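Chemist: Have a look at the structure that comes next, please.
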Amino acid sequence: MIFYAKWKKHKTIPENSYQISFNGNGNTAGLVPDSQYIIKGSRGVLPGNNTLENKQFKDNNASTGTIQTNDYIFIGWSKNKDAKAGDADVFSQGASITPTSDEVYYAIWDLKVKDVTLTYDGNGNTGGTPISSVTKQRYTEITINPSNQGSNLTKSVVESGNVVQYVFAGWNTQADGKGTDYYSGAIFCYFSLPCIFSFKIKSII
């Protein structure tokens with residue numbers, strides 16, 4: 001009597017393709033997405049985190065018998081396993097990639113419960129004092145500049161021999177005013193990164 005191994009087709013790997021594989025990078029449960037095979041010169045799309053979870057041991061409460069964990073949320077993928085949320089080499093689910101070799105992408109995690117600081121920047125103001133920084137827990141909603149303190153800021157500069165005065169025009173997420181505008185009374189939700197709001201101005205001569 002002889003027993004023969006029985007086989008069934010698992011996958012077909014295209015010729016002239018690169019293998020894109022995924023690493024849970026410290027996950028404590030769940031499965032990584034299946035590897036992708038992308039034809040050379042073609043584009044692929046990064047998947048979601050599938051069923052991956054990351055809950056690291058924090059403390060054991062002897063009085064209740066419960067185990068406390070630091071829970072992490074999935075941020076995206078990076079070829080740098082030590083990358084952090086907000087780094088330029090972290091790509092979110094659905095990002096397009098064009099590989100030039102076989103590559104490994106690592107899951108990037110960030111603490112779910114985390115304090116985030118919002119800073120108001122005078123952005124070159126010559127008078128007044130910017131609002132104090134505010135630190136809240138991630139995903140907390142706040143009202144931007146509720147007392148309209150930004151209106152106390154002033155800016156005057158000399159341009160081509162003339163004194164140009166500016167008036168307060170709200171806040172922006174970029175110093176050049178090309179980011180997202182926020183005005184007094186607007187609702188802002190803290191996410192994963194430290195935030196800086198720059199004083200936005202318009203000129204009056």
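To be explicit about the labels: the chains of the structure tokens are called A, B, and onward in the order shown, and within each one the residues are counted from 1, while ligands get numbers from 1 in the order they are shown.
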Which residues of segment 60-112 of chain A sit at most 12 Å from segment 30-38 of chain A, using only C-alpha atoms? Give each one's shortest atom pair and distance in Å (one decimal place), in chain and ascending residue order, as a Markdown table.

Modeler:
| residue | atom | partner | partner_atom | distance |
| --- | --- | --- | --- | --- |
| A:Trp77 | CA | A:Val32 | CA | 11.5 |
| A:Gln93 | CA | A:Pro33 | CA | 11.7 |
| A:Ser96 | CA | A:Ile38 | CA | 11.7 |
| A:Ile97 | CA | A:Ile38 | CA | 9.6 |
| A:Thr98 | CA | A:Ile38 | CA | 8.3 |
| A:Pro99 | CA | A:Ile38 | CA | 7.7 |
| A:Thr100 | CA | A:Ile38 | CA | 9.8 |
| A:Ser101 | CA | A:Ile38 | CA | 9.8 |
| A:Asp102 | CA | A:Tyr37 | CA | 9.0 |
| A:Glu103 | CA | A:Gln36 | CA | 10.0 |
| A:Val104 | CA | A:Ser35 | CA | 9.2 |
| A:Tyr105 | CA | A:Ser35 | CA | 10.1 |
| A:Tyr106 | CA | A:Val32 | CA | 9.7 |
| A:Ala107 | CA | A:Val32 | CA | 8.9 |

Chemist: Identify, on the basis of only C-alpha atoms, every residue whose closest approach to Ala83 of chain A does not exceed 12 Å; exclude the query and any residue fewer than 2 positions from it along the same chain; express the result as a list in words.

Modeler: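 Skipping anything fewer than 2 positions along the chain leaves Asn25, Ile75, Gly76, Trp77, Ser78, Lys79, Asn80, Lys81, Ala85, Gly86, Asp87, Ala88, Asp89, Val90, Phe91, Tyr105, Tyr106, Ala107, Ile108, Trp109 and Asp110 of chain A.
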
Chemist: Might you pull out every residue within 6 Å of Lys58 of chain A, with only C-alpha atoms counted and same-chain residues fewer than 5 positions away left off, and present them as a ChimeraX atom specification?

Modeler: /A:68-70

Chemist: Store the residues of this selection in a file with N, CA, C and O atoms, as a PDB file, in the first residue's frame.

Modeler:
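Okay, this is what ended up in result.pdb:
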ATOM      1  N   GLN A  68      -5.102  44.836  32.379  1.00  0.00           N
ATOM      2  CA  GLN A  68      -5.204  46.083  31.632  1.00  0.00           C
ATOM      3  C   GLN A  68      -4.217  46.071  30.473  1.00  0.00           C
ATOM      4  O   GLN A  68      -3.106  45.555  30.596  1.00  0.00           O
ATOM      5  N   THR A  69      -4.635  46.628  29.355  1.00  0.00           N
ATOM      6  CA  THR A  69      -3.772  46.655  28.175  1.00  0.00           C
ATOM      7  C   THR A  69      -3.681  48.066  27.614  1.00  0.00           C
ATOM      8  O   THR A  69      -4.561  48.903  27.837  1.00  0.00           O
ATOM      9  N   ASN A  70      -2.600  48.325  26.907  1.00  0.00           N
ATOM     10  CA  ASN A  70      -2.487  49.523  26.080  1.00  0.00           C
ATOM     11  C   ASN A  70      -2.987  49.146  24.689  1.00  0.00           C
ATOM     12  O   ASN A  70      -2.364  48.345  23.997  1.00  0.00           O
TER      13      ASN A  70
END

Chemist: Tell me, which residues of segment 151-197 of chain A carry DSSP strand (DSSP E), written as a ChimeraX atom specification?

Modeler: /A:155-159,162-172,181-182,187-189,195-197

Chemist: For Leu111 of chain A, which residue out of A:Asp59, A:Glu53, A:Glu159, A:Asp181 is the nearest one, using only C-alpha atoms?

Modeler: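 Once distances to Leu111 of chain A are computed over only C-alpha atoms, the minimum belongs to A:Glu53.
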
Chemist: Go through A:Asp121, A:Lys178, A:Cys189, A:Val163 and flag the residue nearest Glu141 of chain A, using only C-alpha atoms for the distances.

Modeler: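 Selected residue with least distance to Glu141 of chain A: A:Cys189.
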
Chemist: Choose the residue, out of A:Lys6, A:Lys55, A:Lys155, A:Lys136, that has the smallest atom-to-atom separation from Thr28 of chain A; count only C-alpha atoms.

Modeler: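 For Thr28 of chain A, the nearest of the given residues is A:Lys55.
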
Chemist: List the neighbours of Thr143 of chain A out to 9 Å using only C-alpha atoms; skip same-chain residues closer than 5 positions along the sequence, and give me the result as a VMD selection string.

Modeler: chain A and resid 184 to 189

Chemist: Store the residues picked out above, limited to N, CA, C and O atoms, as an mmCIF file, in the first residue's frame.

Modeler:
data_model
loop_
_atom_site.group_PDB
_atom_site.id
_atom_site.type_symbol
_atom_site.label_atom_id
_atom_site.label_comp_id
_atom_site.auth_asym_id
_atom_site.auth_seq_id
_atom_site.Cartn_x
_atom_site.Cartn_y
_atom_site.Cartn_z
ATOM 1 N N SER A 184 -13.176 81.175 14.579
ATOM 2 C CA SER A 184 -13.653 81.147 15.957
ATOM 3 C C SER A 184 -15.038 80.512 16.019
ATOM 4 O O SER A 184 -15.931 80.877 15.254
ATOM 5 N N GLY A 185 -15.189 79.534 16.919
ATOM 6 C CA GLY A 185 -16.464 78.843 17.061
ATOM 7 C C GLY A 185 -16.550 77.542 16.297
ATOM 8 O O GLY A 185 -17.477 76.760 16.505
ATOM 9 N N ALA A 186 -15.578 77.278 15.402
ATOM 10 C CA ALA A 186 -15.589 76.027 14.639
ATOM 11 C C ALA A 186 -15.255 74.857 15.559
ATOM 12 O O ALA A 186 -14.564 75.004 16.563
ATOM 13 N N ILE A 187 -15.744 73.666 15.212
ATOM 14 C CA ILE A 187 -15.478 72.460 15.990
ATOM 15 C C ILE A 187 -14.285 71.731 15.383
ATOM 16 O O ILE A 187 -14.218 71.511 14.178
ATOM 17 N N PHE A 188 -13.338 71.369 16.234
ATOM 18 C CA PHE A 188 -12.142 70.653 15.794
ATOM 19 C C PHE A 188 -12.017 69.367 16.590
ATOM 20 O O PHE A 188 -12.232 69.347 17.801
ATOM 21 N N CYS A 189 -11.680 68.263 15.904
ATOM 22 C CA CYS A 189 -11.507 66.972 16.568
ATOM 23 C C CYS A 189 -10.031 66.614 16.592
ATOM 24 O O CYS A 189 -9.376 66.578 15.547
#

Chemist: I need the residue nearest Tyr72 of chain A from this list: A:Asn172, A:Asn27, A:Ser92, A:Thr51. Use only C-alpha atoms for the distance.

Modeler: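 Counting only C-alpha atoms, the residue closest to Tyr72 of chain A is A:Asn27.
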
Chemist: Taking only C-alpha atoms into account, which of A:Asn54, A:Asn125, A:Asn145, A:Thr12 comes nearest Tyr182 of chain A?

Modeler: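 Using only C-alpha atoms, the shortest distance to Tyr182 of chain A belongs to A:Asn145.
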
Chemist: Which of segment 115-160 of chain A counts as helix (DSSP H, G or I) under DSSP, as a VMD selection string please?

Modeler: chain A and resid 149 to 152

Chemist: Produce a file of the selected residues containing C-alpha atoms, as a PDB file, in the first residue's frame.

Modeler:
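Below is the file part.pdb, written as the result:
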ATOM      1  CA  GLN A 149      -8.777  85.827  21.450  1.00  0.00           C
ATOM      2  CA  GLY A 150      -7.049  85.747  18.081  1.00  0.00           C
ATOM      3  CA  SER A 151      -8.642  89.089  17.254  1.00  0.00           C
ATOM      4  CA  ASN A 152      -6.222  90.667  19.756  1.00  0.00           C
TER       5      ASN A 152
END

Chemist: If I take atom CA of Gln174 of chain A and atom CA of Gln137 of chain A, how far is one from the other in Å, to one decimal?

Modeler: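 Atom-to-atom, atom CA of Gln174 of chain A and atom CA of Gln137 of chain A are spaced 22.4 Å apart.
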
Chemist: When distances are computed from only C-alpha atoms, which of A:Gly128, A:Gly179, A:Trp7, A:Leu46 shows the smallest separation from Ser156 of chain A?

Modeler: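 The answer is A:Gly128, which sits nearest to Ser156 of chain A.
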
Chemist: As an exercise, work out the distance from atom CA of Thr154 of chain A to atom CA of Thr129 of chain A in Å and give it to one decimal place.

Modeler: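 That distance, rounded to one decimal, is 9.2 Å.
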